[in-house]
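Please read the structure below before turning to the comments.
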Amino acid sequence: MNDAFGTAHRAHASTAVIAQFFPPGKRIFGLLMEAELVNAEKVLHKAEKPFVAVIGGAKVSDKILIIENLLEKATDIIIGGVWLILS
């Protein structure tokens with residue numbers, strides 16, 4: 001069972017490789033993953049206006065497809081990145 005939404009998309013041994021050892025009907029995700037998917041479905045397909053998407057992270061280039069997908073759905077898109085502070 002995978003219940004880590006934040007890492008489910010990564011092809012790591014603990015997520016992707018281990019799943020290959022289970023038959024397709026026996027691969028499941030947990031309640032936290034289900035809640036994330038339900039909320040993502042609501043945001044992407046049933047969002048009320050105004051709808052502001054806030055996207056951040058170290059590599060915005062990895063999120064280009066998501067941003068393109070939100071262009072028609074979101075009223076506004078706020079994009080941030082990681083700030084490096086040197087002292």
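Labeling convention for the structure tokens: chains A, B, ... as they appear, residues from 1 per chain, ligands from 1 in order of appearance.
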Q: Please provide as a list of chain:residue names all residues within 7 Å of Met33 of chain A, with the sequence filter that same-chain residues fewer than 3 positions apart are discarded (counting only C-alpha atoms).
A: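 Contacts, with the query itself left out: A:Asp3, A:Ala4, A:Phe5, A:Phe29, A:Gly30, A:Glu36, A:Leu37.
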(Q) Need the shell around segment 51-57 of chain A: protein/DNA/RNA residues with any atom at most 8 Å away, counting only C-alpha atoms. Skip same-chain ones fewer than 6 positions apart. Format as JSON, numbers by chain? (A) {"A": [70, 73, 74, 75, 76, 77, 78, 79, 80, 81, 82]}
Keeping only N, CA, C and O atoms, write the selected residues to a file as a PDB file, in the first residue's frame.
```
ATOM      1  N   LEU A  70      -3.489  24.590 -15.961  1.00  0.00           N
ATOM      2  CA  LEU A  70      -4.252  25.509 -15.113  1.00  0.00           C
ATOM      3  C   LEU A  70      -4.598  26.826 -15.807  1.00  0.00           C
ATOM      4  O   LEU A  70      -5.454  27.560 -15.324  1.00  0.00           O
ATOM      5  N   LYS A  73      -8.215  27.203 -16.371  1.00  0.00           N
ATOM      6  CA  LYS A  73      -9.047  26.949 -15.200  1.00  0.00           C
ATOM      7  C   LYS A  73      -8.926  28.030 -14.126  1.00  0.00           C
ATOM      8  O   LYS A  73      -9.889  28.386 -13.476  1.00  0.00           O
ATOM      9  N   ALA A  74      -7.718  28.531 -13.925  1.00  0.00           N
ATOM     10  CA  ALA A  74      -7.452  29.452 -12.821  1.00  0.00           C
ATOM     11  C   ALA A  74      -7.704  30.897 -13.224  1.00  0.00           C
ATOM     12  O   ALA A  74      -7.440  31.286 -14.357  1.00  0.00           O
ATOM     13  N   THR A  75      -8.215  31.670 -12.272  1.00  0.00           N
ATOM     14  CA  THR A  75      -8.360  33.104 -12.470  1.00  0.00           C
ATOM     15  C   THR A  75      -6.986  33.754 -12.456  1.00  0.00           C
ATOM     16  O   THR A  75      -6.692  34.629 -13.271  1.00  0.00           O
ATOM     17  N   ASP A  76      -6.144  33.328 -11.520  1.00  0.00           N
ATOM     18  CA  ASP A  76      -4.777  33.831 -11.382  1.00  0.00           C
ATOM     19  C   ASP A  76      -3.859  32.668 -11.037  1.00  0.00           C
ATOM     20  O   ASP A  76      -4.281  31.708 -10.392  1.00  0.00           O
ATOM     21  N   ILE A  77      -2.599  32.781 -11.437  1.00  0.00           N
ATOM     22  CA  ILE A  77      -1.586  31.791 -11.085  1.00  0.00           C
ATOM     23  C   ILE A  77      -0.406  32.540 -10.474  1.00  0.00           C
ATOM     24  O   ILE A  77       0.130  33.468 -11.078  1.00  0.00           O
ATOM     25  N   ILE A  78      -0.034  32.139  -9.283  1.00  0.00           N
ATOM     26  CA  ILE A  78       1.116  32.726  -8.593  1.00  0.00           C
ATOM     27  C   ILE A  78       2.215  31.682  -8.582  1.00  0.00           C
ATOM     28  O   ILE A  78       2.015  30.557  -8.114  1.00  0.00           O
ATOM     29  N   ILE A  79       3.368  32.049  -9.139  1.00  0.00           N
ATOM     30  CA  ILE A  79       4.487  31.109  -9.228  1.00  0.00           C
ATOM     31  C   ILE A  79       5.637  31.622  -8.383  1.00  0.00           C
ATOM     32  O   ILE A  79       6.073  32.755  -8.537  1.00  0.00           O
ATOM     33  N   GLY A  80       6.107  30.776  -7.485  1.00  0.00           N
ATOM     34  CA  GLY A  80       7.245  31.125  -6.638  1.00  0.00           C
ATOM     35  C   GLY A  80       8.311  30.066  -6.765  1.00  0.00           C
ATOM     36  O   GLY A  80       8.103  29.007  -7.347  1.00  0.00           O
ATOM     37  N   GLY A  81       9.450  30.359  -6.232  1.00  0.00           N
ATOM     38  CA  GLY A  81      10.543  29.400  -6.268  1.00  0.00           C
ATOM     39  C   GLY A  81      11.215  29.326  -4.922  1.00  0.00           C
ATOM     40  O   GLY A  81      10.736  29.877  -3.937  1.00  0.00           O
ATOM     41  N   VAL A  82      12.318  28.664  -4.893  1.00  0.00           N
ATOM     42  CA  VAL A  82      13.092  28.544  -3.660  1.00  0.00           C
ATOM     43  C   VAL A  82      14.032  29.749  -3.575  1.00  0.00           C
ATOM     44  O   VAL A  82      14.692  30.109  -4.545  1.00  0.00           O
TER      45      VAL A  82
END
```
From a backbone DSSP assignment, name each residue in chain A labelled helix (DSSP H, G or I), as a short mmCIF file (atom, residue, chain, number, x, y, z; two decimals) with C-alpha atoms, in the first residue's frame.
```
data_model
loop_
_atom_site.label_atom_id
_atom_site.label_comp_id
_atom_site.auth_asym_id
_atom_site.auth_seq_id
_atom_site.Cartn_x
_atom_site.Cartn_y
_atom_site.Cartn_z
CA PHE A 5 1.10 11.33 -2.28
CA GLY A 6 4.18 13.55 -2.37
CA THR A 7 6.42 10.71 -3.54
CA ALA A 13 12.53 1.45 -5.42
CA SER A 14 10.21 2.00 -2.45
CA THR A 15 7.34 3.19 -4.66
CA ALA A 16 7.54 1.96 -8.26
CA VAL A 17 9.78 -1.09 -8.10
CA ILE A 18 8.16 -2.72 -5.08
CA ALA A 19 4.71 -2.38 -6.72
CA PRO A 24 -2.37 -5.46 -10.59
CA GLY A 25 -5.49 -6.22 -8.52
CA LYS A 26 -3.50 -6.17 -5.28
CA LEU A 31 -6.84 6.94 2.85
CA LEU A 32 -4.44 9.91 2.75
CA MET A 33 -3.73 9.30 -0.92
CA GLU A 34 -7.46 8.96 -1.60
CA ALA A 35 -8.13 12.32 0.11
CA GLU A 36 -5.41 14.00 -1.98
CA LEU A 37 -6.88 12.60 -5.19
CA VAL A 38 -10.43 13.62 -4.25
CA ASN A 39 -9.27 17.17 -3.50
CA ALA A 40 -7.17 17.36 -6.68
CA GLU A 41 -10.20 16.23 -8.70
CA LYS A 42 -12.32 18.92 -7.06
CA VAL A 43 -9.76 21.65 -7.73
CA LEU A 44 -9.11 20.65 -11.33
CA HIS A 45 -12.66 19.91 -12.43
CA VAL A 60 9.34 25.44 -11.70
CA SER A 61 10.43 23.93 -15.04
CA ASP A 62 9.17 20.57 -13.73
CA LYS A 63 5.72 22.09 -13.31
CA ILE A 64 5.25 23.53 -16.83
CA LEU A 65 2.62 20.93 -17.79
CA ILE A 66 0.65 21.66 -14.62
CA ILE A 67 0.84 25.41 -15.24
CA GLU A 68 -0.32 24.96 -18.85
CA ASN A 69 -3.22 22.84 -17.63
CA LEU A 70 -4.25 25.51 -15.11
#
```
Q.
Just the number, please: distance in Å from atom CA of Pro23 of chain A to atom CA of Met1 of chain A, one decimal.
A.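 That distance, rounded to one decimal, is 12.4 Å.
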Q: State, in Å with one decimal place, the distance from atom CA of His9 of chain A to atom CA of Glu48 of chain A.
A: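 So the two atoms, atom CA of His9 of chain A and atom CA of Glu48 of chain A, lie 27.2 Å apart.
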Q) Just asking: which residues within chain A are strand (DSSP E) according to DSSP, as a PyMOL selection string? A) chain A and resi 52-55+76-79
(Q) Using only C-alpha atoms for the distances, tell me which of A:Gln20, A:Arg10, A:Lys49, A:Ala58 is nearest to Glu72 of chain A. (A)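 Smallest distance to Glu72 of chain A is found for A:Lys49.
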